[in-house]
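Engineer: Dropping in my_file-v3.cif, with mmCIF, C-alpha atoms.
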data_upload
#
loop_
_atom_site.label_atom_id
_atom_site.label_comp_id
_atom_site.auth_asym_id
_atom_site.auth_seq_id
_atom_site.Cartn_x
_atom_site.Cartn_y
_atom_site.Cartn_z
CA MET A 1 5.78 34.29 13.23
CA PRO A 2 2.74 36.31 12.04
CA LEU A 3 -0.61 35.42 13.57
CA PRO A 4 -2.16 34.16 10.28
CA ALA A 5 0.81 31.82 9.77
CA LEU A 6 0.42 30.51 13.32
CA ARG A 7 -3.27 29.89 12.72
CA ARG A 8 -2.53 28.01 9.49
CA ALA A 9 0.11 25.91 11.23
CA GLY A 10 -2.25 25.19 14.11
CA SER A 11 -5.00 24.14 11.72
CA LEU A 12 -2.78 21.30 10.48
CA LEU A 13 -2.29 19.89 13.98
CA PRO A 14 -4.84 17.02 13.65
CA VAL A 15 -3.03 15.44 10.68
CA LEU A 16 0.55 15.90 11.89
CA PRO A 17 0.56 12.46 13.61
CA LEU A 18 -0.25 10.91 10.23
CA VAL A 19 2.70 12.72 8.67
CA ALA A 20 4.87 11.54 11.58
CA VAL A 21 3.98 7.92 10.82
CA VAL A 22 5.11 8.41 7.23
CA ALA A 23 8.32 10.19 8.27
CA LEU A 24 9.29 7.43 10.71
CA LEU A 25 9.32 4.92 7.86
CA GLY A 26 12.33 6.76 6.48
CA LEU A 27 14.45 5.45 9.35
CA PRO A 28 16.53 2.25 9.01
CA VAL A 29 14.69 -0.89 10.03
CA ALA A 30 16.35 -3.33 12.42
CA PRO A 31 16.37 -6.92 11.10
CA ASP A 32 13.87 -9.30 12.72
CA SER A 33 12.06 -6.43 14.47
CA SER A 34 8.41 -7.30 15.07
CA THR A 35 7.39 -3.68 15.69
CA THR A 36 8.79 -0.40 14.41
CA PRO A 37 8.54 3.24 15.53
CA ALA A 38 5.97 3.75 12.77
CA ASP A 39 3.78 1.01 14.26
CA ALA A 40 4.00 2.66 17.67
CA ALA A 41 3.14 6.00 16.09
CA SER A 42 0.09 4.44 14.42
CA ALA A 43 -1.20 3.52 17.89
CA VAL A 44 -0.74 7.16 18.91
CA VAL A 45 -2.67 8.18 15.79
CA VAL A 46 -5.63 6.03 16.84
CA LEU A 47 -5.66 7.54 20.34
CA TRP A 48 -5.28 11.03 18.86
CA ALA A 49 -8.27 10.42 16.60
CA VAL A 50 -10.40 9.27 19.54
CA ALA A 51 -9.47 12.37 21.53
CA HIS A 52 -10.14 14.59 18.52
CA SER A 53 -13.58 13.06 18.01
CA VAL A 54 -14.48 13.50 21.68
CA ARG A 55 -13.38 17.12 21.52
CA GLN A 56 -15.48 17.75 18.40
CA ALA A 57 -18.50 16.30 20.20
CA ARG A 58 -20.20 15.00 17.09
CA ARG A 59 -20.97 11.66 15.53
CA PRO A 60 -17.55 10.56 14.22
CA LEU A 61 -18.64 8.29 11.35
CA THR A 62 -21.63 8.05 9.08
CA ARG A 63 -23.69 4.89 9.22
CA THR A 64 -22.31 3.75 5.85
CA ALA A 65 -18.72 4.35 6.98
CA ALA A 66 -19.27 2.42 10.20
CA VAL A 67 -20.69 -0.57 8.31
CA VAL A 68 -18.06 -0.64 5.56
CA LEU A 69 -15.07 -0.15 7.86
CA GLY A 70 -16.45 -2.38 10.59
CA LEU A 71 -17.42 -5.29 8.35
CA PRO A 72 -13.99 -7.03 8.41
CA VAL A 73 -14.10 -7.22 12.22
CA VAL A 74 -16.59 -10.09 11.95
CA GLY A 75 -14.24 -12.34 10.02
CA PHE A 76 -11.20 -11.35 12.07
CA ALA A 77 -12.91 -12.10 15.38
CA VAL A 78 -14.23 -15.50 14.28
CA ALA A 79 -10.83 -16.52 12.85
CA ALA A 80 -9.10 -15.45 16.08
CA GLY A 81 -11.10 -18.12 17.87
CA GLY A 82 -9.51 -20.78 15.66
CA ALA A 83 -5.90 -19.71 16.19
CA VAL A 84 -3.40 -22.33 17.32
CA THR A 85 -2.45 -20.41 20.48
CA SER A 86 -3.93 -17.51 22.40
CA GLY A 87 -0.80 -15.50 21.62
CA ASP A 88 -1.35 -15.98 17.89
CA ALA A 89 -4.99 -14.98 18.31
CA VAL A 90 -4.15 -11.73 20.10
CA ALA A 91 -1.24 -10.82 17.82
CA GLY A 92 -3.11 -11.65 14.64
CA LEU A 93 -6.29 -9.86 15.66
CA ALA A 94 -4.36 -6.76 16.74
CA ARG A 95 -2.48 -6.64 13.42
CA TYR A 96 -5.57 -7.05 11.26
CA LEU A 97 -7.53 -4.48 13.26
CA GLN A 98 -4.61 -2.04 13.05
CA VAL A 99 -4.24 -2.30 9.28
CA PHE A 100 -7.81 -2.62 8.08
CA VAL A 101 -9.97 -0.98 10.75
CA LEU A 102 -8.37 1.24 13.39
CA VAL A 103 -5.84 3.24 11.37
CA PRO A 104 -8.20 3.75 8.37
CA VAL A 105 -10.91 4.98 10.77
CA ALA A 106 -8.37 7.33 12.38
CA VAL A 107 -7.49 8.77 8.97
CA VAL A 108 -11.17 9.37 8.21
CA LEU A 109 -11.58 11.18 11.54
CA LEU A 110 -8.41 13.30 11.34
CA VAL A 111 -8.38 14.34 7.67
CA ARG A 112 -10.94 17.11 7.44
CA ASP A 113 -10.61 18.41 3.91
CA ARG A 114 -8.54 18.46 0.74
CA ARG A 115 -5.81 20.57 2.35
CA ASP A 116 -5.22 17.99 5.07
CA ALA A 117 -5.32 15.15 2.56
CA ARG A 118 -2.78 16.78 0.28
CA LEU A 119 -0.35 17.25 3.18
CA VAL A 120 -0.50 13.51 3.90
CA LEU A 121 -0.22 12.67 0.20
CA TRP A 122 2.82 14.87 -0.39
CA SER A 123 4.47 13.31 2.67
CA LEU A 124 4.01 9.93 0.96
CA VAL A 125 5.69 11.30 -2.16
CA GLY A 126 8.54 12.67 -0.04
CA LEU A 127 9.07 9.30 1.64
CA ALA A 128 9.04 7.57 -1.75
CA LEU A 129 11.68 9.97 -3.09
CA TRP A 130 13.87 9.39 -0.02
CA GLN A 131 13.61 5.62 -0.16
CA GLY A 132 13.94 5.66 -3.93
CA ALA A 133 17.13 7.74 -3.79
CA ILE A 134 18.67 5.27 -1.35
CA GLY A 135 17.55 2.38 -3.55
CA VAL A 136 19.06 3.83 -6.73
CA HIS A 137 22.32 4.45 -4.88
CA GLN A 138 22.30 0.82 -3.74
CA TYR A 139 21.78 -0.34 -7.31
CA LEU A 140 24.50 1.87 -8.79
CA THR A 141 27.07 1.06 -6.11
CA GLY A 142 26.26 -2.64 -5.71
CA THR A 143 25.28 -2.26 -2.05
CA GLY A 144 21.69 -3.45 -2.30
CA ALA A 145 20.13 -6.84 -1.67
CA SER A 146 21.38 -9.87 -3.55
CA TYR A 147 19.76 -10.52 -6.93
CA GLN A 148 21.13 -13.21 -9.24
CA GLY A 149 24.45 -13.21 -7.42
CA ALA A 150 24.93 -9.42 -7.46
CA ASP A 151 24.01 -6.94 -4.71
CA ILE A 152 21.98 -4.69 -7.01
CA ARG A 153 18.40 -4.99 -5.77
CA ALA A 154 17.13 -1.67 -4.41
CA VAL A 155 15.58 -2.11 -0.96
CA GLY A 156 16.03 1.32 0.65
CA THR A 157 16.29 1.32 4.43
CA PHE A 158 14.17 -1.84 4.75
CA GLY A 159 17.05 -4.24 4.23
CA ALA A 160 17.31 -7.58 2.48
CA SER A 161 14.81 -9.21 4.84
CA ASP A 162 12.01 -7.02 3.41
CA VAL A 163 12.70 -6.68 -0.29
CA MET A 164 9.13 -5.54 -0.95
CA GLY A 165 9.28 -2.61 1.48
CA MET A 166 10.93 -0.01 -0.75
CA ALA A 167 9.03 -1.19 -3.82
CA THR A 168 5.74 -0.69 -1.98
CA VAL A 169 6.68 2.78 -0.71
CA VAL A 170 7.93 3.93 -4.13
CA ALA A 171 4.85 2.51 -5.86
CA TYR A 172 2.56 4.38 -3.45
CA GLY A 173 4.49 7.58 -4.13
CA LEU A 174 4.30 7.08 -7.88
CA VAL A 175 0.53 6.50 -7.79
CA VAL A 176 0.06 9.56 -5.56
CA ALA A 177 2.25 11.75 -7.77
CA THR A 178 0.43 10.57 -10.89
CA GLY A 179 -2.95 11.41 -9.38
CA LEU A 180 -1.77 14.85 -8.27
CA ALA A 181 -0.24 15.54 -11.68
CA LEU A 182 -3.46 14.62 -13.48
CA GLY A 183 -5.91 16.30 -11.12
CA ALA A 184 -4.20 19.31 -9.54
CA ARG A 185 -5.51 22.72 -10.58
CA GLY A 186 -2.24 24.66 -10.39
CA ARG A 187 0.22 24.36 -13.27
CA ARG A 188 3.25 24.44 -10.97
CA GLU A 189 1.90 21.69 -8.75
CA ARG A 190 1.09 19.54 -11.77
CA ALA A 191 4.61 19.98 -13.11
CA VAL A 192 6.24 19.12 -9.77
CA ALA A 193 4.03 16.06 -9.31
CA ALA A 194 4.70 14.87 -12.87
CA GLY A 195 8.43 15.26 -12.33
CA CYS A 196 8.25 13.25 -9.11
CA ALA A 197 6.30 10.50 -10.87
CA LEU A 198 8.91 10.23 -13.63
CA VAL A 199 11.77 10.15 -11.14
CA LEU A 200 10.12 7.39 -9.10
CA VAL A 201 9.93 5.11 -12.14
CA VAL A 202 13.67 4.45 -11.83
CA PRO A 203 13.77 3.10 -8.24
CA LEU A 204 10.61 1.10 -8.88
CA ALA A 205 12.31 -0.52 -11.86
CA VAL A 206 15.49 -1.46 -9.97
CA SER A 207 13.47 -2.91 -7.09
CA PHE A 208 12.86 -5.89 -9.42
CA SER A 209 9.43 -6.37 -7.84
CA ARG A 210 7.14 -7.87 -10.45
CA GLY A 211 3.99 -7.55 -8.35
CA ALA A 212 4.63 -3.85 -7.70
CA TRP A 213 5.24 -3.26 -11.41
CA ILE A 214 1.95 -4.87 -12.39
CA ALA A 215 -0.09 -3.10 -9.69
CA THR A 216 1.47 0.28 -10.50
CA ALA A 217 0.84 -0.10 -14.23
CA VAL A 218 -2.82 -0.99 -13.59
CA ALA A 219 -3.39 1.81 -11.06
CA CYS A 220 -1.69 4.56 -13.07
CA GLY A 221 -3.35 3.35 -16.27
CA ALA A 222 -6.74 3.54 -14.57
CA GLN A 223 -5.98 7.05 -13.32
CA LEU A 224 -5.12 8.11 -16.86
CA LEU A 225 -8.31 6.62 -18.30
CA LEU A 226 -10.40 8.34 -15.62
CA THR A 227 -9.07 11.71 -16.79
CA GLY A 228 -9.97 11.07 -20.43
CA LEU A 229 -8.64 9.19 -23.45
CA ARG A 230 -6.64 12.05 -24.99
CA PRO A 231 -4.55 12.84 -21.87
CA ALA A 232 -4.03 9.11 -21.37
CA VAL A 233 -2.55 8.71 -24.85
CA LYS A 234 -0.20 11.67 -24.37
CA VAL A 235 1.06 10.52 -20.99
CA CYS A 236 1.52 6.93 -22.18
CA ALA A 237 3.57 8.18 -25.13
CA ALA A 238 5.75 10.25 -22.79
CA ALA A 239 6.20 7.28 -20.44
CA VAL A 240 7.23 4.99 -23.28
CA ALA A 241 9.72 7.58 -24.55
CA ALA A 242 11.21 8.00 -21.07
CA SER A 243 11.52 4.23 -20.68
CA VAL A 244 13.31 3.94 -24.02
CA VAL A 245 15.76 6.67 -23.00
CA LEU A 246 16.42 5.23 -19.53
CA VAL A 247 16.73 1.58 -20.48
CA GLY A 248 17.79 1.77 -24.09
CA GLY A 249 19.80 4.95 -24.15
CA PHE A 250 21.53 4.81 -20.77
CA GLY A 251 21.29 1.04 -20.27
CA ILE A 252 19.81 1.28 -16.78
CA GLY A 253 19.36 -2.34 -15.77
CA ALA A 254 18.51 -3.38 -19.33
CA ALA A 255 19.50 -7.06 -19.11
CA ALA A 256 18.24 -7.63 -15.57
CA LEU A 257 14.97 -5.81 -16.22
CA GLN A 258 14.35 -7.72 -19.43
CA GLU A 259 14.93 -11.02 -17.65
CA ARG A 260 12.63 -10.00 -14.79
CA LEU A 261 9.89 -8.85 -17.14
CA THR A 262 10.10 -12.05 -19.15
CA SER A 263 9.81 -14.14 -16.00
CA ILE A 264 6.33 -12.74 -15.36
CA THR A 265 4.91 -14.93 -18.12
CA GLN A 266 7.14 -17.95 -17.49
CA VAL A 267 4.78 -19.88 -15.24
CA ALA A 268 4.67 -23.13 -17.21
CA ALA A 269 7.69 -23.34 -19.53
CA ALA A 270 10.70 -22.50 -17.35
CA PRO A 271 9.63 -20.73 -14.14
CA ASP A 272 12.24 -19.65 -11.62
CA GLN A 273 12.19 -21.04 -8.09
CA SER A 274 10.36 -18.01 -6.69
CA VAL A 275 7.48 -18.65 -9.09
CA VAL A 276 7.46 -22.36 -8.21
CA ASP A 277 7.38 -21.51 -4.50
CA ARG A 278 4.58 -19.03 -4.97
CA TYR A 279 2.34 -21.45 -6.84
CA SER A 280 3.09 -24.19 -4.33
CA LEU A 281 2.06 -21.86 -1.50
CA TRP A 282 -1.09 -20.88 -3.37
CA ALA A 283 -2.00 -24.55 -3.80
CA ALA A 284 -1.37 -25.18 -0.11
CA ALA A 285 -3.62 -22.26 0.87
CA THR A 286 -6.38 -23.56 -1.38
CA ASP A 287 -6.14 -27.02 0.18
CA MET A 288 -6.43 -25.52 3.67
CA TRP A 289 -9.58 -23.71 2.61
CA ARG A 290 -11.11 -26.89 1.22
CA GLU A 291 -10.69 -28.52 4.61
CA HIS A 292 -12.05 -25.51 6.52
CA PRO A 293 -14.25 -23.66 3.99
CA VAL A 294 -16.23 -21.35 6.28
CA THR A 295 -13.86 -20.08 8.98
CA GLY A 296 -10.42 -21.27 7.83
CA VAL A 297 -7.61 -22.73 9.94
CA GLY A 298 -7.32 -19.70 12.24
CA LEU A 299 -5.32 -16.48 12.43
CA LYS A 300 -1.54 -16.89 11.94
CA ALA A 301 -2.05 -20.64 11.45
CA PHE A 302 -0.84 -20.85 7.85
CA PRO A 303 2.77 -21.79 8.81
CA GLU A 304 1.48 -24.52 11.12
CA HIS A 305 -0.53 -26.18 8.33
CA ARG A 306 1.74 -25.36 5.38
CA ASP A 307 3.91 -28.49 5.27
CA GLY A 308 0.89 -30.78 5.45
CA HIS A 309 -0.55 -29.25 2.27
CA ALA A 310 2.44 -28.06 0.23
CA SER A 311 4.00 -30.09 -2.58
CA LEU A 312 7.59 -31.32 -2.61
CA ALA A 313 8.45 -28.57 -5.13
CA LEU A 314 8.28 -25.97 -2.34
CA SER A 315 11.72 -24.92 -1.13
CA SER A 316 12.49 -24.51 2.56
CA GLY A 317 12.81 -20.74 2.22
CA SER A 318 14.23 -17.89 0.18
CA ASP A 319 17.85 -16.74 0.34
CA THR A 320 18.43 -13.16 1.46
CA GLU A 321 21.71 -11.31 1.60
CA GLY A 322 23.20 -7.87 1.08
CA ALA A 323 22.22 -4.31 2.02
CA GLY A 324 24.23 -4.59 5.23
CA GLN A 325 22.90 -8.03 6.20
CA GLY A 326 24.61 -11.41 6.05
CA PHE A 327 23.31 -14.49 4.33
CA ARG A 328 20.22 -16.03 5.86
CA ARG A 329 17.38 -18.33 4.91
CA GLN A 330 14.03 -16.57 5.05
CA PRO A 331 11.19 -18.97 5.88
CA LEU A 332 8.07 -18.91 3.70
CA LEU A 333 5.33 -18.25 6.24
CA SER A 334 2.51 -16.97 4.02
CA PRO A 335 1.09 -17.65 0.55
CA HIS A 336 2.17 -14.21 -0.75
CA ASN A 337 -1.41 -13.58 -1.82
CA MET A 338 -3.66 -11.65 0.54
CA TYR A 339 -6.85 -13.17 -0.79
CA LEU A 340 -5.56 -16.72 -0.36
CA LEU A 341 -4.18 -15.85 3.07
CA LEU A 342 -7.66 -14.70 4.11
CA LEU A 343 -9.25 -17.74 2.50
CA SER A 344 -6.92 -20.23 4.19
CA GLU A 345 -6.85 -18.64 7.65
CA GLN A 346 -10.31 -17.07 7.80
CA GLY A 347 -12.34 -19.01 5.24
CA LEU A 348 -15.11 -17.60 3.09
CA LEU A 349 -16.39 -15.55 6.01
CA GLY A 350 -13.11 -13.67 6.36
CA LEU A 351 -12.59 -13.24 2.63
CA LEU A 352 -16.09 -11.95 1.95
CA THR A 353 -16.13 -9.51 4.85
CA ALA A 354 -12.63 -8.10 4.28
CA ALA A 355 -12.56 -8.09 0.47
CA GLY A 356 -16.18 -6.92 0.44
CA SER A 357 -15.18 -3.90 2.54
CA TRP A 358 -12.28 -3.08 0.19
CA LEU A 359 -14.45 -3.43 -2.90
CA ALA A 360 -17.12 -1.20 -1.34
CA LEU A 361 -14.46 1.47 -0.71
CA LEU A 362 -13.36 1.34 -4.35
CA VAL A 363 -16.93 1.50 -5.67
CA CYS A 364 -17.82 4.43 -3.39
CA SER A 365 -14.60 6.23 -4.39
CA LEU A 366 -15.35 5.84 -8.09
CA ARG A 367 -18.92 7.03 -7.60
CA ARG A 368 -17.74 10.09 -5.73
CA LEU A 369 -15.11 10.74 -8.40
CA ARG A 370 -17.84 11.07 -11.01
CA ARG A 371 -19.41 13.89 -8.97
CA ALA A 372 -16.12 15.63 -8.17
CA ARG A 373 -15.22 18.73 -10.14
CA HIS A 374 -12.66 20.77 -8.21
CA VAL A 375 -11.05 18.02 -6.12
CA ARG A 376 -10.08 15.49 -8.76
CA ASP A 377 -6.51 15.25 -7.50
CA CYS A 378 -7.56 13.69 -4.19
CA ALA A 379 -10.18 11.60 -5.98
CA LEU A 380 -7.71 10.18 -8.49
CA VAL A 381 -5.16 9.45 -5.78
CA ALA A 382 -7.69 7.68 -3.56
CA CYS A 383 -9.00 5.53 -6.40
CA GLY A 384 -5.47 4.79 -7.59
CA LEU A 385 -4.23 3.73 -4.15
CA LEU A 386 -7.20 1.45 -3.55
CA LEU A 387 -6.88 -0.14 -6.98
CA TRP A 388 -3.11 -0.58 -6.54
CA GLN A 389 -3.64 -2.34 -3.25
CA LEU A 390 -6.35 -4.65 -4.55
CA VAL A 391 -4.16 -5.67 -7.50
CA ASP A 392 -1.01 -6.03 -5.41
CA PHE A 393 -2.83 -8.27 -2.95
CA ALA A 394 -2.87 -10.89 -5.72
CA TYR A 395 0.94 -11.07 -5.39
CA ALA A 396 1.59 -10.04 -1.79
CA ASP A 397 0.07 -9.94 1.68
CA ILE A 398 0.53 -7.86 4.80
CA GLY A 399 3.76 -8.11 6.75
CA GLY A 400 6.86 -6.05 7.32
CA PRO A 401 7.43 -2.42 8.33
CA SER A 402 5.70 -0.95 5.25
CA THR A 403 2.38 -2.53 6.29
CA VAL A 404 1.48 0.56 8.29
CA LEU A 405 1.48 2.50 5.01
CA THR A 406 -1.09 0.04 3.68
CA ALA A 407 -3.31 1.10 6.57
CA LEU A 408 -2.79 4.79 5.75
CA CYS A 409 -3.61 4.21 2.09
CA PHE A 410 -6.82 2.40 2.96
CA GLY A 411 -7.55 5.35 5.23
CA VAL A 412 -7.07 7.86 2.42
CA GLY A 413 -9.38 5.82 0.22
CA ALA A 414 -11.94 5.56 3.03
CA TRP A 415 -11.75 9.31 3.67
CA TRP A 416 -12.55 10.11 0.06
CA ALA A 417 -15.21 7.40 -0.25
CA LEU A 418 -17.04 7.81 3.05
CA ALA A 419 -16.18 11.00 4.94
CA ARG A 420 -18.75 13.77 5.19
CA ASP A 421 -16.34 16.56 4.19
CA ALA A 422 -14.20 14.82 1.56
CA ALA A 423 -15.24 17.50 -0.94
CA PRO A 424 -14.34 20.73 0.87
CA ALA A 425 -15.83 24.16 0.43
CA THR A 426 -13.97 26.98 -1.26
CA ALA A 427 -12.87 28.36 2.08
CA ALA A 428 -11.11 25.12 2.90
CA GLU A 429 -9.44 25.20 -0.51
CA THR A 430 -7.77 28.49 0.37
CA GLY A 431 -6.79 27.33 3.85
CA ALA A 432 -9.33 29.37 5.78
CA ARG A 433 -11.04 27.72 8.71
#
Is it possible to express this structure as structure tokens?
Structural biologist:
Amino acid sequence: MPLPALRRAGSLLPVLPLVAVVALLGLPVAPDSSTTPADAASAVVVLWAVAHSVRQARRPLTRTAAVVLGLPVVGFAVAAGGAVTSGDAVAGLARYLQVFVLVPVAVVLLVRDRRDARLVLWSLVGLALWQGAIGVHQYLTGTGASYQGADIRAVGTFGASDVMGMATVVAYGLVVATGLALGARGRRERAVAAGCALVLVVPLAVSFSRGAWIATAVACGAQLLLTGLRPAVKVCAAAVAASVVLVGGFGIGAAALQERLTSITQVAAAPDQSVVDRYSLWAAATDMWREHPVTGVGLKAFPEHRDGHASLALSSGSDTEGAGQGFRRQPLLSPHNMYLLLLSEQGLLGLLTAAGSWLALLVCSLRRLRRARHVRDCALVACGLLLWQLVDFAYADIGGPSTVLTALCFGVGAWWALARDAAPATAAETGAR
């Protein structure tokens, strides 16, 4: 290999562990596994970032970055003291620190410029295409998770026990591809990214995940509006035309998709059991907060207090089946709303510190986007991922193998919002070091 090629390959070494975390999520997930190879790799990423910072011998984070990324630690630590058992305290604190503090900080430290960021972002698109291809195959062949009595729900390699896993991965990929298509400078890269975004619409649709649909529509719509009204109108027209062709012309999931879309608004007239369960869990979380308004009931304590606050309308669990797994009853152990989970387990202190950190990241990202001229692809992606996550948290919370990707996405947003070198020089654009 020529020396310049070796130098370019060596220059990517700091971010390769991040790409490895993404790649490991393409492997099949064992049912009931509490940790995955991707989780283990995320621990390696944190250690790698520490070693890299020591080697660079410079202040790793700006003061603003340290405050914004360290703010959630206050709420997590206080809530850990109220956990039911010491094991819950340690496990809960480790998980929250991994997702919202340690891995995002590692991304900020390891991603040095736009070239590094784009490598991580394209790896996310690649993972989404892989999981999406498996999901579409499951839908077409009837080998997915059970949905209305048929094994047609696309879940990728995550299995029926984590029906949100593939939807989350594909949605991340779609948001990333949309941002790259709207902000990339090269015509070829824009075309490839736009093609990937259109392809990923299909597996997202057959995931039948209403929360992912809503969050993706909001995030991609915001990305379009940030690029200008005229491009937004053109892209929306193309998206509508593609949807008409896919659903109307080819009949891809027309009846099931229409029923699922209609159910989004059926919260009072004739809601399905999943909607009833969700609102019952939300009410239970709110009642827990009223009893413990400042610090909540403690980390991982929601299941312990659920039955004492939930109404009789709440079912004992959700039925899961298909995608290589037998029938089982999945217990409902969280409110499926990240904000209410924080409010019930960590109180106002936990909600304000965590959500305040996320909102600060989004505001800083949008402010930096206004000043960006030649790096709008990374800017649009970072803003889109943060907005997607904040919207999706109204319908979901952390849990499952795909959670490590949530940490990476917060890291990408934090890198753009807070890192010193998020807007690289021309030399970095061309790959020179």
Engineer: Evaluated on this file, the PyMOL selection byres ((chain A and resi 212-221) around 10) picks out some residues - which ones are they, written as JSON, numbers by chain?
Structural biologist: {"A": [164, 167, 168, 169, 170, 171, 172, 174, 175, 176, 177, 178, 179, 201, 204, 205, 207, 208, 209, 210, 211, 222, 223, 224, 225, 226, 232, 235, 236, 261, 264, 380, 381, 383, 384, 385, 386, 387, 388, 389, 390, 391, 392, 393, 394, 395, 396]}
Engineer: Could you name the residues that touch A:Leu27 at 9 Å or less, counting all atoms listed in the file, but leaving out those on the same chain fewer than 3 positions away, as an MDAnalysis selection string?
Structural biologist: chainID A and resid 23:24 37 157:158
Engineer: Neighbours of A:Val15 within 10 Å (all atoms listed in the file; same-chain residues fewer than 6 positions away dropped), as number ranges by chain?
Structural biologist: A: 45, 48-49, 106-107, 109-112, 116-117, 119-120
Engineer: Kindly give the distance, in Å, that separates atom CA of A:Ala355 and atom CA of A:Ala77, rounded to a single decimal.
Structural biologist: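 Atom CA of A:Ala77 lies at a distance of 15.4 Å from atom CA of A:Ala355.
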Engineer: Which residue is closest to A:Arg376? Choose from A:Phe410, A:Tyr339, A:Trp358, A:Trp416 and count all atoms listed in the file.
Structural biologist: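 The answer is A:Trp416, which sits nearest to A:Arg376.
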Engineer: Please work out which residues fall within 9 Å of (0.2, -8.6, 3.1), coordinates as given in the file, with only C-alpha atoms counting, and return them as a count of residues only.
Structural biologist: 15
Engineer: Report as lines of an AutoDock Vina configuration file the centre and the edge lengths, in Å to one decimal, of the axis-aligned box holding every listed atom of stretch 396-413 of chain A, padded by 5 Å on each side.
Structural biologist:
center_x = -1.0
center_y = -1.1
center_z = 3.3
size_x = 26.8
size_y = 27.9
size_z = 20.1
Engineer: Would you mind telling me which residue in A:Val199, A:Val19, A:Leu351, A:Val155 lies nearest to A:Val73 when using all atoms listed in the file?
Structural biologist: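 Ranked by minimum distance to A:Val73, first place goes to A:Leu351.
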Engineer: Could you please determine the separation between atom CA of A:Ser280 and atom CA of A:Pro331 in Å, to one decimal place?
Structural biologist: 14.0 Å
Engineer: Using atom CA of A:Val363 and atom CA of A:Arg118 as the two end points, give the distance in Å to one decimal.
Structural biologist: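 Spanning atom CA of A:Val363 to atom CA of A:Arg118 is a straight-line distance of 21.7 Å.
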Engineer: Tell me, as an mmCIF file with C-alpha atoms, in the coordinates of the input, which residues lie within 12 Å of A:Gly356, counting all atoms listed in the file; anything in the same chain fewer than 2 positions away does not count.
Structural biologist:
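File produced: part-v8.cif:
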data_model
loop_
_atom_site.group_PDB
_atom_site.id
_atom_site.type_symbol
_atom_site.label_atom_id
_atom_site.label_comp_id
_atom_site.auth_asym_id
_atom_site.auth_seq_id
_atom_site.Cartn_x
_atom_site.Cartn_y
_atom_site.Cartn_z
ATOM 1 C CA VAL A 67 -20.690 -0.570 8.310
ATOM 2 C CA VAL A 68 -18.060 -0.640 5.560
ATOM 3 C CA LEU A 69 -15.070 -0.150 7.860
ATOM 4 C CA GLY A 70 -16.450 -2.380 10.590
ATOM 5 C CA LEU A 71 -17.420 -5.290 8.350
ATOM 6 C CA PRO A 72 -13.990 -7.030 8.410
ATOM 7 C CA VAL A 73 -14.100 -7.220 12.220
ATOM 8 C CA VAL A 74 -16.590 -10.090 11.950
ATOM 9 C CA GLY A 75 -14.240 -12.340 10.020
ATOM 10 C CA TYR A 339 -6.850 -13.170 -0.790
ATOM 11 C CA LEU A 348 -15.110 -17.600 3.090
ATOM 12 C CA LEU A 349 -16.390 -15.550 6.010
ATOM 13 C CA GLY A 350 -13.110 -13.670 6.360
ATOM 14 C CA LEU A 351 -12.590 -13.240 2.630
ATOM 15 C CA LEU A 352 -16.090 -11.950 1.950
ATOM 16 C CA THR A 353 -16.130 -9.510 4.850
ATOM 17 C CA ALA A 354 -12.630 -8.100 4.280
ATOM 18 C CA TRP A 358 -12.280 -3.080 0.190
ATOM 19 C CA LEU A 359 -14.450 -3.430 -2.900
ATOM 20 C CA ALA A 360 -17.120 -1.200 -1.340
ATOM 21 C CA LEU A 361 -14.460 1.470 -0.710
ATOM 22 C CA LEU A 362 -13.360 1.340 -4.350
ATOM 23 C CA VAL A 363 -16.930 1.500 -5.670
ATOM 24 C CA LEU A 390 -6.350 -4.650 -4.550
#
Engineer: Just checking: using all atoms listed in the file, which residue out of A:Gln325, A:Gln346, A:Gln98, A:Thr227 ends up closest to A:Ala285?
Structural biologist: A:Gln346
Engineer: Check the smallest atom-to-atom distance from each of A:Val206, A:Leu198, A:His305, A:Val108 to A:Val136 using all atoms listed in the file, then report the winner.
Structural biologist: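 For A:Val136, the nearest of the candidates is A:Val206.
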Engineer: Of the candidates A:Pro104, A:Arg190, A:Ala83, A:Phe76, which shows the shortest atom-to-atom distance to A:Leu61, using all atoms listed in the file?
Structural biologist: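 Smallest separation from A:Leu61 among the options: A:Pro104.
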